[in-house]
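What follows is the content of coords24.cif (mmCIF, C-alpha atoms).
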```cif
data_entry
#
loop_
_atom_site.label_atom_id
_atom_site.label_comp_id
_atom_site.auth_asym_id
_atom_site.auth_seq_id
_atom_site.Cartn_x
_atom_site.Cartn_y
_atom_site.Cartn_z
CA MET A 1 23.29 -96.75 -85.18
CA ARG A 2 21.27 -95.51 -82.23
CA HIS A 3 17.70 -94.33 -82.45
CA PRO A 4 17.33 -90.46 -82.17
CA PHE A 5 14.66 -90.81 -79.40
CA TRP A 6 17.26 -90.84 -76.65
CA ILE A 7 18.04 -87.23 -77.28
CA LEU A 8 14.40 -86.38 -76.71
CA ASN A 9 14.23 -88.38 -73.51
CA THR A 10 17.36 -86.80 -72.16
CA SER A 11 16.02 -83.31 -72.89
CA LEU A 12 12.75 -84.06 -71.09
CA LEU A 13 14.61 -85.42 -68.06
CA VAL A 14 16.75 -82.30 -67.82
CA LEU A 15 13.66 -80.11 -68.16
CA LEU A 16 11.93 -82.08 -65.39
CA LEU A 17 14.88 -81.63 -63.08
CA VAL A 18 15.01 -77.90 -63.76
CA CYS A 19 11.27 -77.50 -63.01
CA ALA A 20 11.56 -79.54 -59.84
CA GLY A 21 14.40 -77.36 -58.60
CA PHE A 22 12.50 -74.16 -59.44
CA ILE A 23 9.43 -75.37 -57.59
CA PHE A 24 11.49 -76.42 -54.58
CA PHE A 25 13.23 -73.11 -54.22
CA THR A 26 10.19 -70.90 -54.93
CA GLN A 27 7.55 -72.60 -52.78
CA GLN A 28 6.03 -70.71 -49.69
CA THR A 29 5.35 -72.24 -46.28
CA LEU A 30 1.65 -72.17 -45.31
CA PRO A 31 0.75 -71.05 -41.69
CA LYS A 32 -0.36 -73.71 -39.32
CA LYS A 33 -3.94 -73.82 -38.11
CA LEU A 34 -4.30 -72.86 -34.42
CA GLY A 35 -7.18 -74.32 -32.44
CA GLY A 36 -10.53 -75.38 -33.74
CA GLY A 37 -12.29 -71.97 -34.16
CA LYS A 38 -11.81 -69.41 -36.87
CA LYS A 39 -9.38 -66.70 -35.93
CA SER A 40 -8.05 -63.87 -37.92
CA LEU A 41 -4.60 -64.22 -39.26
CA ILE A 42 -2.20 -61.83 -37.61
CA ILE A 43 0.78 -61.04 -39.74
CA ARG A 44 3.55 -59.39 -37.83
CA PRO A 45 5.47 -56.84 -39.82
CA ILE A 46 9.11 -57.42 -40.38
CA ALA A 47 11.22 -55.31 -38.08
CA ALA A 48 13.46 -54.22 -40.91
CA PHE A 49 10.51 -52.82 -42.91
CA PRO A 50 7.82 -51.39 -40.51
CA ILE A 51 4.37 -50.94 -42.03
CA ASP A 52 1.94 -48.24 -40.80
CA THR A 53 -1.41 -49.83 -40.02
CA GLU A 54 -4.62 -47.91 -39.26
CA THR A 55 -7.40 -49.13 -37.05
CA VAL A 56 -10.33 -50.20 -39.16
CA VAL A 57 -13.55 -48.46 -38.15
CA ILE A 58 -16.39 -50.79 -39.05
CA ALA A 59 -19.02 -48.07 -38.61
CA LYS A 60 -17.84 -46.44 -41.85
CA ILE A 61 -18.96 -49.49 -43.78
CA TYR A 62 -22.61 -49.42 -42.81
CA GLU A 63 -22.95 -45.67 -42.31
CA ASN A 64 -21.77 -44.96 -45.88
CA ASP A 65 -24.35 -47.34 -47.27
CA LEU A 66 -24.58 -47.12 -51.06
CA PHE A 67 -27.91 -48.87 -51.24
CA ASP A 68 -29.59 -46.88 -48.35
CA THR A 69 -30.38 -50.02 -46.40
CA TYR A 70 -29.04 -48.69 -43.07
CA HIS A 71 -31.19 -46.42 -40.92
CA GLU A 72 -29.81 -44.85 -37.76
CA LYS A 73 -31.80 -45.46 -34.65
CA ILE A 74 -33.29 -42.21 -33.26
CA MET A 75 -33.52 -42.20 -29.51
CA PRO A 76 -36.75 -40.81 -28.10
CA PRO A 77 -36.37 -37.41 -26.29
CA VAL A 78 -36.08 -37.55 -22.54
CA GLU A 79 -38.03 -34.92 -20.62
CA PRO A 80 -35.68 -33.00 -18.33
CA ASN A 81 -36.28 -32.86 -14.60
CA TYR A 82 -37.16 -29.28 -13.78
CA ILE A 83 -37.55 -29.93 -10.04
CA SER A 84 -34.21 -29.14 -8.51
CA PRO A 85 -33.37 -30.46 -5.07
CA ILE A 86 -33.62 -28.10 -2.09
CA PRO A 87 -30.23 -26.49 -1.57
CA VAL A 88 -28.44 -27.06 1.65
CA PRO A 89 -28.57 -23.93 3.85
CA PRO A 90 -25.20 -22.28 4.24
CA SER A 91 -23.47 -22.63 7.53
CA PRO A 92 -23.70 -19.45 9.60
CA THR A 93 -20.56 -17.40 9.82
CA GLN A 94 -19.82 -15.10 12.69
CA VAL A 95 -19.44 -11.50 11.55
CA VAL A 96 -16.53 -9.74 13.15
CA ILE A 97 -17.41 -6.10 13.82
CA PRO A 98 -14.32 -3.96 13.46
CA GLU A 99 -13.52 -1.63 16.29
CA GLU A 100 -14.35 1.99 15.70
CA ALA A 101 -11.26 3.98 14.98
CA VAL A 102 -10.47 6.47 17.73
CA ILE A 103 -9.62 9.87 16.32
CA PRO A 104 -6.91 11.47 18.45
CA PHE A 105 -7.62 14.92 19.87
CA LEU A 106 -5.06 17.42 18.70
CA PRO A 107 -3.78 20.08 21.10
CA PRO A 108 -4.68 23.71 20.32
CA LEU A 109 -2.57 25.64 17.86
CA GLN A 110 0.15 27.71 19.50
CA VAL A 111 -0.89 30.92 17.75
CA THR A 112 -2.61 34.19 18.74
CA LEU A 113 -5.17 36.14 16.77
CA LYS A 114 -3.90 39.72 16.63
CA GLY A 115 -6.31 41.46 14.27
CA ILE A 116 -9.21 41.08 11.84
CA MET A 117 -9.94 43.14 8.71
CA ILE A 118 -13.63 42.93 7.76
CA LEU A 119 -14.70 44.08 4.28
CA ASN A 120 -17.99 44.12 2.40
CA ASP A 121 -16.81 41.13 0.37
CA GLU A 122 -16.41 38.20 2.74
CA SER A 123 -13.86 36.50 0.46
CA LYS A 124 -11.49 39.45 0.93
CA ASN A 125 -11.47 39.40 4.74
CA VAL A 126 -7.97 39.20 6.22
CA VAL A 127 -6.75 38.19 9.67
CA ILE A 128 -3.39 38.70 11.37
CA ILE A 129 -2.10 35.66 13.28
CA GLU A 130 1.06 35.56 15.38
CA ASP A 131 3.15 32.45 15.96
CA ASN A 132 3.76 32.18 19.71
CA ALA A 133 7.13 30.50 19.22
CA THR A 134 8.73 32.83 16.65
CA ARG A 135 6.60 35.95 17.35
CA LYS A 136 6.17 36.28 13.60
CA GLU A 137 2.92 37.77 12.26
CA GLU A 138 1.35 36.78 8.93
CA ASN A 139 -1.86 37.60 7.07
CA TYR A 140 -4.36 34.86 6.21
CA LYS A 141 -7.55 34.65 4.14
CA VAL A 142 -10.31 32.05 3.97
CA GLY A 143 -8.88 28.82 2.55
CA ASP A 144 -5.28 29.42 3.66
CA SER A 145 -3.46 26.72 5.62
CA LEU A 146 -1.97 27.24 9.08
CA GLU A 147 0.18 24.27 10.13
CA ASP A 148 -2.24 21.29 9.92
CA ALA A 149 -5.34 23.54 10.00
CA GLN A 150 -7.29 25.44 7.34
CA LEU A 151 -9.06 28.76 7.83
CA ILE A 152 -12.72 28.32 6.87
CA ARG A 153 -14.53 31.30 8.44
CA ILE A 154 -13.71 34.89 9.47
CA LEU A 155 -16.14 36.69 11.78
CA HIS A 156 -15.99 40.11 13.42
CA ASN A 157 -14.44 38.89 16.69
CA ARG A 158 -13.18 35.35 15.97
CA ILE A 159 -12.07 32.92 13.28
CA ILE A 160 -12.88 29.25 12.77
CA LEU A 161 -10.26 26.67 11.74
CA ILE A 162 -10.64 22.99 10.87
CA ARG A 163 -7.82 20.63 11.87
CA SER A 164 -6.49 17.62 9.99
CA ASN A 165 -8.53 15.19 12.14
CA GLY A 166 -11.79 17.07 11.51
CA GLN A 167 -12.04 18.95 14.81
CA PHE A 168 -12.96 22.64 14.80
CA GLU A 169 -10.94 25.28 16.58
CA THR A 170 -12.01 28.87 17.27
CA LEU A 171 -9.62 31.75 17.95
CA TYR A 172 -10.99 34.91 19.62
CA LEU A 173 -9.61 38.42 19.57
CA SER A 174 -9.95 38.86 23.34
CA GLU A 175 -10.88 36.88 26.43
CA LYS A 176 -14.03 38.93 26.83
CA ASP A 177 -15.45 37.46 23.64
CA VAL A 178 -15.00 33.96 25.04
CA VAL A 179 -16.95 34.50 28.25
CA ASP A 180 -20.57 33.37 28.00
CA GLN A 181 -20.34 33.33 24.21
CA THR A 182 -22.42 30.18 23.96
CA VAL A 183 -25.11 31.48 26.30
CA GLU A 184 -25.38 34.82 24.52
CA ASN A 185 -25.59 33.23 21.08
CA ASP A 186 -28.21 30.73 22.24
CA GLN A 187 -30.36 33.39 23.88
CA LYS A 188 -30.29 35.47 20.70
CA ASP A 189 -31.16 32.49 18.54
CA GLY A 190 -33.69 30.79 20.82
CA TRP A 191 -31.17 28.38 22.39
CA ALA A 192 -30.56 26.79 18.96
CA GLN A 193 -27.15 25.45 19.98
CA THR A 194 -28.46 23.94 23.21
CA VAL A 195 -32.01 22.74 22.47
CA ARG A 196 -33.64 21.72 19.21
CA LYS A 197 -37.33 20.79 19.18
CA ILE A 198 -38.03 18.01 16.68
CA SER A 199 -41.73 17.54 17.49
CA ASN A 200 -44.10 17.83 20.42
CA VAL A 201 -42.84 14.52 21.77
CA SER A 202 -39.16 14.68 20.82
CA ILE A 203 -36.37 17.19 21.47
CA GLU A 204 -32.57 17.19 21.11
CA ILE A 205 -30.16 18.61 23.70
CA ASP A 206 -26.48 19.40 23.34
CA PRO A 207 -24.96 18.20 26.65
CA THR A 208 -21.87 20.40 26.31
CA SER A 209 -23.85 23.61 25.81
CA PHE A 210 -26.35 22.60 28.50
CA VAL A 211 -23.55 22.17 31.05
CA GLU A 212 -22.14 25.57 30.10
CA VAL A 213 -25.53 27.16 30.78
CA VAL A 214 -26.34 25.09 33.89
CA PRO A 215 -23.01 23.93 35.38
CA THR A 216 -24.38 22.72 38.75
CA LEU A 217 -27.45 20.97 40.07
CA ALA A 218 -28.22 23.90 42.37
CA GLN A 219 -28.35 26.28 39.40
CA PHE A 220 -30.66 23.86 37.59
CA ILE A 221 -33.07 23.86 40.53
CA ASP A 222 -32.90 27.65 40.72
CA LEU A 223 -33.34 28.11 36.95
CA PHE A 224 -36.40 25.85 36.77
CA ASP A 225 -37.71 27.03 40.18
CA ILE A 226 -38.28 23.41 41.21
CA THR A 227 -40.26 22.52 44.33
CA THR A 228 -41.63 19.25 45.65
CA ILE A 229 -45.37 18.71 45.17
CA TYR A 230 -47.50 16.54 47.43
CA LYS A 231 -50.82 14.78 46.88
CA ARG A 232 -52.67 13.40 49.89
CA GLY A 233 -49.58 13.90 52.00
CA LYS A 234 -47.33 11.93 49.65
CA SER A 235 -44.62 13.31 47.34
CA VAL A 236 -45.41 12.65 43.66
CA GLY A 237 -42.78 14.66 41.83
CA CYS A 238 -41.23 18.05 41.13
CA ARG A 239 -43.19 21.13 40.11
CA ILE A 240 -41.76 23.85 37.89
CA GLY A 241 -42.39 27.36 39.17
CA LYS A 242 -42.04 30.67 37.36
CA ILE A 243 -40.61 30.67 33.84
CA THR A 244 -39.30 33.86 32.28
CA GLN A 245 -39.79 34.60 28.63
CA GLY A 246 -36.92 33.41 26.43
CA SER A 247 -35.42 31.22 29.16
CA LEU A 248 -34.10 27.68 28.78
CA PRO A 249 -37.15 26.01 30.44
CA GLU A 250 -39.40 27.71 27.90
CA ALA A 251 -37.16 26.49 25.05
CA LEU A 252 -37.50 22.95 26.43
CA GLY A 253 -41.27 23.23 26.17
CA PHE A 254 -42.15 23.51 29.86
CA GLU A 255 -44.86 25.74 31.26
CA PRO A 256 -45.38 27.06 34.79
CA SER A 257 -46.85 24.51 37.24
CA ASP A 258 -45.82 21.52 35.10
CA ILE A 259 -45.07 18.45 37.22
CA ILE A 260 -42.13 16.19 36.34
CA LEU A 261 -43.15 12.68 37.41
CA SER A 262 -40.15 10.61 36.21
CA ILE A 263 -36.97 10.87 34.18
CA ALA A 264 -35.40 7.87 32.43
CA GLY A 265 -37.84 5.56 34.20
CA THR A 266 -36.92 6.76 37.70
CA PRO A 267 -39.60 8.67 39.66
CA THR A 268 -38.75 12.10 41.06
CA SER A 269 -40.72 11.65 44.27
CA SER A 270 -37.74 11.45 46.67
CA THR A 271 -34.37 13.11 47.05
CA GLU A 272 -32.59 9.77 46.66
CA ASN A 273 -34.32 9.14 43.36
CA ARG A 274 -33.47 12.62 42.09
CA PHE A 275 -29.80 12.11 42.91
CA GLU A 276 -29.93 8.73 41.18
CA ILE A 277 -31.35 10.45 38.07
CA TYR A 278 -28.55 13.00 38.24
CA GLN A 279 -25.90 10.27 38.45
CA HIS A 280 -27.51 8.37 35.55
CA LEU A 281 -27.61 11.41 33.28
CA LEU A 282 -23.91 12.02 33.89
CA THR A 283 -23.08 8.60 32.40
CA LEU A 284 -24.95 9.20 29.11
CA ASN A 285 -23.08 9.83 25.88
CA LEU A 286 -23.98 11.37 22.56
CA SER A 287 -26.83 9.58 20.67
CA ASP A 288 -28.23 8.25 23.98
CA SER A 289 -31.84 9.07 24.80
CA PHE A 290 -34.26 9.00 27.72
CA THR A 291 -37.92 9.79 28.39
CA VAL A 292 -39.38 12.50 30.62
CA ASN A 293 -42.92 11.89 31.96
CA CYS A 294 -44.83 14.98 33.10
CA GLU A 295 -48.28 16.20 34.03
CA ARG A 296 -49.95 19.44 32.99
CA GLY A 297 -53.34 20.45 34.29
CA GLY A 298 -54.04 16.91 35.42
CA GLN A 299 -53.26 15.49 31.96
CA PRO A 300 -50.13 13.31 31.59
CA PHE A 301 -47.71 13.85 28.72
CA ALA A 302 -44.22 12.68 27.85
CA PHE A 303 -41.43 13.52 25.47
CA ALA A 304 -38.17 11.85 24.46
CA VAL A 305 -34.81 13.59 24.86
CA GLU A 306 -31.85 12.65 22.65
CA LEU A 307 -28.33 13.91 23.24
CA LYS A 308 -26.88 15.48 20.06
CA ASP A 309 -23.98 17.71 19.12
CA LEU A 310 -25.82 20.86 18.01
CA LYS A 311 -22.73 23.05 17.78
CA ASP A 312 -21.98 23.45 14.10
CA PRO A 313 -19.47 26.24 13.47
CA LEU A 314 -20.54 26.41 9.82
CA THR A 315 -24.21 27.02 10.65
CA PHE A 316 -25.35 30.43 11.86
CA SER A 317 -28.78 31.91 12.15
CA THR A 318 -29.95 34.81 10.02
CA LYS A 319 -29.90 37.17 13.00
CA GLN A 320 -26.35 36.22 13.89
CA LEU A 321 -25.10 36.57 10.31
CA THR A 322 -26.75 40.01 10.06
CA GLU A 323 -24.97 41.16 13.21
CA GLU A 324 -21.67 39.68 12.00
CA TYR A 325 -21.81 41.59 8.71
CA LYS A 326 -22.61 44.90 10.41
CA ALA A 327 -18.97 45.22 11.48
CA VAL A 328 -16.91 46.59 8.58
CA GLY A 329 -13.37 47.90 9.04
CA ILE A 330 -10.17 46.92 10.78
CA LEU A 331 -10.41 45.30 14.21
CA THR A 332 -7.33 44.80 16.36
CA GLY A 333 -6.81 42.81 19.48
CA PRO A 334 -6.56 44.48 22.89
CA SER A 335 -3.28 45.53 24.44
CA PRO A 336 -1.77 43.60 27.40
CA GLU A 337 -3.04 46.30 29.81
CA GLU A 338 -6.57 46.01 28.45
CA LEU A 339 -6.40 42.22 28.70
CA GLU A 340 -5.38 42.46 32.35
CA GLU A 341 -8.22 44.87 33.09
CA GLU A 342 -10.69 42.59 31.32
CA ARG A 343 -9.43 39.59 33.26
CA ILE A 344 -9.81 41.40 36.58
CA GLN A 345 -13.30 42.62 35.64
CA ILE A 346 -14.33 39.09 34.60
CA LEU A 347 -13.11 37.73 37.92
CA LYS A 348 -15.03 40.42 39.75
CA ASP A 349 -18.18 39.60 37.81
CA ARG A 350 -17.82 35.88 38.43
CA TYR A 351 -16.76 35.86 42.02
CA THR A 352 -17.45 37.96 45.12
CA PHE A 353 -14.15 38.47 46.94
CA ALA A 354 -13.91 38.90 50.70
CA GLN A 355 -12.99 42.35 51.97
CA THR A 356 -9.36 42.95 52.74
CA ALA A 357 -8.14 44.73 55.89
CA GLN A 358 -7.54 47.88 53.91
CA ASP A 359 -11.07 47.80 52.49
CA ILE A 360 -12.47 47.41 56.01
CA LEU A 361 -10.46 50.41 57.28
CA ILE A 362 -11.60 52.53 54.35
CA GLU A 363 -15.22 51.51 54.93
CA GLN A 364 -14.95 52.32 58.65
CA LYS A 365 -13.46 55.75 57.89
CA GLU A 366 -16.25 56.47 55.44
CA GLN A 367 -18.85 55.46 58.04
CA MET A 368 -17.21 57.71 60.67
CA ILE A 369 -17.11 60.64 58.23
CA THR A 370 -20.75 60.05 57.31
CA GLU A 371 -21.80 59.87 60.96
CA SER A 372 -19.85 63.04 61.83
CA LYS A 373 -21.53 64.86 58.97
CA LYS A 374 -24.93 63.68 60.16
CA ASP A 375 -24.14 64.90 63.72
CA LYS A 376 -23.07 68.31 62.42
CA VAL A 377 -26.24 68.65 60.40
CA LYS A 378 -28.33 67.60 63.39
CA ASN A 379 -26.60 70.05 65.72
CA HIS A 380 -26.93 72.82 63.17
CA SER A 381 -30.67 72.20 62.85
CA LEU A 382 -31.14 72.18 66.64
CA SER A 383 -29.30 75.47 67.04
CA ASN A 384 -31.51 77.05 64.38
CA GLU A 385 -34.62 75.89 66.17
CA SER A 386 -33.47 77.33 69.46
#
```
Take the structure in the file and write it out as structure tokens.
Amino acid sequence: MRHPFWILNTSLLVLLLVCAGFIFFTQQTLPKKLGGGKKSLIIRPIAAFPIDTETVVIAKIYENDLFDTYHEKIMPPVEPNYISPIPVPPSPTQVVIPEEAVIPFLPPLQVTLKGIMILNDESKNVVIIEDNATRKEENYKVGDSLEDAQLIRILHNRIILIRSNGQFETLYLSEKDVVDQTVENDQKDGWAQTVRKISNVSIEIDPTSFVEVVPTLAQFIDLFDITTIYKRGKSVGCRIGKITQGSLPEALGFEPSDIILSIAGTPTSSTENRFEIYQHLLTLNLSDSFTVNCERGGQPFAFAVELKDLKDPLTFSTKQLTEEYKAVGILTGPSPEELEEERIQILKDRYTFAQTAQDILIEQKEQMITESKKDKVKNHSLSNES
């Protein structure tokens, strides 16, 4: 009979084998040590099961200090630099001046003023204008449009229109109203549309009106009664002679016996210099100026002359407005016969025509008749004496 201890030994052997197998199949392989220094173990995630990893911020550990042992370093304030560097000057740029726009001059309107109705209320004034192409007459009031123009003023013998480009246009009832209109208006108003005195040393002259008053150099010499003055046998300038009251020389500020020494820097001592002054003044434009040096009673004086456009159709003197408003009623233009008579009379006033052969015969006959009458009277008186 065997001893029962063999059963115990067999059971322990089987248990040992089972434990050895469990240990063999459940053991893990330890990572190998790389190099001699300490390095962190990097575990790569399995591709089949990706793991989201966040970057560890170490600053959170010592900033969120539970025991208040960490103190943040405070940097000392830095004083700012208030001195800024000198800026670099900008590079100069050339300014391009645009050319002044040239306003085209529009031709006159092809219309004729046929009549004007003047009332006490200026806003109710009416004019009759005829279209030269269609011969159609229409009535217009202030503010009405006529082609590209607008009626802005109605006077007793003319109307004033403003065109689309800003130029003024005046229509007269008759040709007689046009002749010497500028001269007559200026004489009534102290030459306001020709000369304007700014101060004792500055005046303004309208070149257009001045040329209408003095169209030639000969008329200028005659109007100012200019003669050459000599000192010690040498010509020194031009002397102004007689000046009538209300004349253009008086409006310019001249007095009798004034001596003009130079104009625009050119002396007036010789005929060549005077012609040179005349040629220079012809080249001047509006807004140009020149200086006139004179002598009065042995004392020199000078004044500046500036060329200005003094004709303003919207500006009238009190005297002129009073005369304009005196005319109340209906005014009509002249007939063709009256226009022809006016034209002939204007030509007669402007020009002196040579005598025709018929005029000479008539004059000779009148002289013969006059002489025969004188002889008869003389013979009659002699017979009475005898």
Next item on the list: Tell me which of A:Arg196, A:Ser235, A:Tyr82, A:Val57 sits closest to A:Thr271, counting all atoms listed in the file.
Entry: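 Smallest distance to A:Thr271 is found for A:Ser235.
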Notebook entry, point to check: Distance atom CA of A:Ser289-atom CA of A:Trp191, one decimal place?
Noted result: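 Atom-to-atom, atom CA of A:Ser289 and atom CA of A:Trp191 are spaced 19.5 Å apart.
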Next item on the list: List the residues selected by the PyMOL selection byres ((chain A and resi 238) around 8) in the file shown, writing them as a PyMOL selection string.
Entry: chain A and resi 226-229+236-237+239-240+259-261+268-269
Note to self: Here's the selection I'm unsure about, the PyMOL selection byres ((chain A and resi 308) around 10); applied to the file above, which residues does it give, as a list in words?
What the structure shows: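 This file gives the following for the PyMOL selection byres ((chain A and resi 308) around 10): Gln193, Thr194, Val195, Arg196, Ile203, Glu204, Ile205, Asp206, Pro207, Thr208, Asn285, Leu286, Ser287, Asp288, Ser289, Val305, Glu306, Leu307, Asp309, Leu310 and Lys311 of chain A.
For the pair atom CA of A:Leu223 and atom CA of A:Glu250, the separation is 10.9 Å.
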Checklist line | Target residues per the PyMOL selection byres ((chain A and resi 133-147) around 10), formatted as JSON, numbers by chain | finding: {"A": [109, 110, 111, 112, 113, 114, 115, 116, 117, 122, 123, 124, 125, 126, 127, 128, 129, 130, 131, 132, 148, 149, 150, 151, 152, 153, 154, 159, 160, 161, 162, 163, 164]}
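What separates atom CA of A:Cys294 from atom CA of A:Asp258 is a distance of 6.9 Å.
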Margin query: Taking 5 positions as the minimum chain separation for residues in the same chain, which residues sit within 9 Å of A:Ala302 when counting all atoms listed in the file? Answer as a list of chain:residue names.
Written below: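 Result of the neighbour search: A:Val201, A:Ser202, A:Thr291, A:Val292, A:Asn293, A:Cys294, A:Glu295.
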Next item on the list: Anything within 12 Å of (-33.0, 21.5, 38.2): list those residues as an MDAnalysis selection string, counting all atoms listed in the file and sticking to the file's coordinates.
Entry: chainID A and resid 210:211 213:228 238:241 248:249 260 268 274:275 277:278
Kindly export the residues of the current selection with C-alpha atoms, as a compact mmCIF listing (two decimals), in the frame of the given file.
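In the end it all went to part_27.txt:
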```txt
# COMPACT_ATOMS: atom_id res chain seq x y z
CA PHE A 210 -26.35 22.60 28.50
CA VAL A 211 -23.55 22.17 31.05
CA VAL A 213 -25.53 27.16 30.78
CA VAL A 214 -26.34 25.09 33.89
CA PRO A 215 -23.01 23.93 35.38
CA THR A 216 -24.38 22.72 38.75
CA LEU A 217 -27.45 20.97 40.07
CA ALA A 218 -28.22 23.90 42.37
CA GLN A 219 -28.35 26.28 39.40
CA PHE A 220 -30.66 23.86 37.59
CA ILE A 221 -33.07 23.86 40.53
CA ASP A 222 -32.90 27.65 40.72
CA LEU A 223 -33.34 28.11 36.95
CA PHE A 224 -36.40 25.85 36.77
CA ASP A 225 -37.71 27.03 40.18
CA ILE A 226 -38.28 23.41 41.21
CA THR A 227 -40.26 22.52 44.33
CA THR A 228 -41.63 19.25 45.65
CA CYS A 238 -41.23 18.05 41.13
CA ARG A 239 -43.19 21.13 40.11
CA ILE A 240 -41.76 23.85 37.89
CA GLY A 241 -42.39 27.36 39.17
CA LEU A 248 -34.10 27.68 28.78
CA PRO A 249 -37.15 26.01 30.44
CA ILE A 260 -42.13 16.19 36.34
CA THR A 268 -38.75 12.10 41.06
CA ARG A 274 -33.47 12.62 42.09
CA PHE A 275 -29.80 12.11 42.91
CA ILE A 277 -31.35 10.45 38.07
CA TYR A 278 -28.55 13.00 38.24
```
